[in-house]
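K.L.:
Here it is, the structure in full.
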Amino acid sequence: MNALELQDIRHIFAMTVEESAMYISRDNNVAAWQQWENGEREIPEYIAHICKEMKARRKVRINAVIDKINNRIGNNTMRFFPDLNSFQTVYHHNDFLDWKIYQSAAVELYAHDLERLC
């Protein structure tokens, strides 16, 4: 993973540098995250692994919704959760990254007119 791909991942999941340092690298080291994104330091393998895993989970969620649409199951409406607390009222055991993955998939599907948001 290179610096541009790391930035892209952060943007795909609508995360700030601070959120990325807190929830992906889990060390709150904002300066290190910025150095990775600026190409000043090599991105640790565990960061690349977490980002690739998030991207894969997003793809699974999107494809599951598309399969339902193609099989005409459901009403093509996906909930949008404006904050973590509202997400966790429905998905009790999920965390911040789960919320960001869900939201990213919802926005992508909405952008392609595959889902309405509610």
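Letters for chains follow the order of the structure tokens (A, B, ...), residue numbers begin at 1 for each chain, and ligand numbers begin at 1 in the order shown.
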So that I can see what lies close to Ile69 of chain A, please list as a list in words the residues with an atom at most 12 Å from it, counting only C-alpha atoms and leaving out residues fewer than 3 positions away in the same chain.
P.N.:
Ile62, Asn63, Ala64, Val65, Ile66, Arg72, Ile73, Gly74, Asn75, Asn76, Thr77, Met78, Leu109, Asp113, Leu114, Glu115 and Arg116 of chain A
K.L.:
For segment 52-55 of chain A, find every residue with an atom within 8 Å (counting only C-alpha atoms), except residues of its own chain fewer than 2 positions away, and show them as number ranges by chain.
P.N.:
A: 9, 48-50, 57-59, 97, 101
K.L.:
Quick one: distance from atom CA of Ile24 of chain A to atom CA of His112 of chain A in Å, one decimal?
P.N.:
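We find that atom CA of Ile24 of chain A and atom CA of His112 of chain A lie 27.6 Å from each other.
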K.L.:
Per DSSP on the backbone, what are the alpha helix (DSSP H) residues of segment 56-106 of chain A, as a VMD selection string?
P.N.:
chain A and resid 56 to 70 84 to 90 96 to 106
K.L.:
Write out as a ChimeraX atom specification each polymer residue whose atoms come within 12 Å of Asn85 of chain A, counting only C-alpha atoms; drop sequence neighbours fewer than 3 positions from it.
P.N.:
/A:81-82,88-96,99
K.L.:
Would you mind writing down, as an mmCIF file with N, CA, C and O atoms, in the first residue's frame, each residue of chain A that DSSP on the backbone assigns to strand (DSSP E)?
P.N.:
```cif
data_model
loop_
_atom_site.group_PDB
_atom_site.id
_atom_site.type_symbol
_atom_site.label_atom_id
_atom_site.label_comp_id
_atom_site.auth_asym_id
_atom_site.auth_seq_id
_atom_site.Cartn_x
_atom_site.Cartn_y
_atom_site.Cartn_z
ATOM 1 N N THR A 77 -34.109 0.067 -0.002
ATOM 2 C CA THR A 77 -33.909 1.172 0.924
ATOM 3 C C THR A 77 -32.931 0.720 1.991
ATOM 4 O O THR A 77 -33.078 -0.354 2.566
ATOM 5 N N MET A 78 -31.929 1.542 2.218
ATOM 6 C CA MET A 78 -30.893 1.209 3.183
ATOM 7 C C MET A 78 -30.850 2.308 4.234
ATOM 8 O O MET A 78 -30.906 3.484 3.901
ATOM 9 N N ARG A 116 -32.110 3.688 -1.920
ATOM 10 C CA ARG A 116 -32.529 4.949 -1.331
ATOM 11 C C ARG A 116 -32.087 4.895 0.123
ATOM 12 O O ARG A 116 -32.000 3.828 0.712
ATOM 13 N N LEU A 117 -31.807 6.033 0.695
ATOM 14 C CA LEU A 117 -31.405 6.081 2.085
ATOM 15 C C LEU A 117 -32.580 6.523 2.932
ATOM 16 O O LEU A 117 -33.382 7.353 2.535
#
```
K.L.:
Looking at A:Val60, A:Ala105, A:Ile43, A:Ala111, which one is nearest to Ala14 of chain A, with distances taken over only C-alpha atoms?
P.N.:
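Checking each candidate against Ala14 of chain A, we get A:Ala105 as the closest.
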K.L.:
Provide the atom CA of Gln103 of chain A to atom CA of Gln35 of chain A distance in Å, to one decimal place.
P.N.:
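Between atom CA of Gln103 of chain A and atom CA of Gln35 of chain A the gap is 26.7 Å.
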K.L.:
So which one's closest to Phe80 of chain A, A:Glu37, A:Glu19, A:Asp27, A:Glu108? Using only C-alpha atoms, please.
P.N.:
A:Glu108
K.L.:
Quick one: distance from atom CA of Glu5 of chain A to atom CA of Tyr110 of chain A in Å, one decimal?
P.N.:
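Calculated distance between atom CA of Glu5 of chain A and atom CA of Tyr110 of chain A is 23.1 Å.
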K.L.:
Nearest to Asp83 of chain A among A:Asn38, A:Lys100, A:Ser20, A:Val30, with distances taken over only C-alpha atoms: which residue is it?
P.N.:
A:Lys100
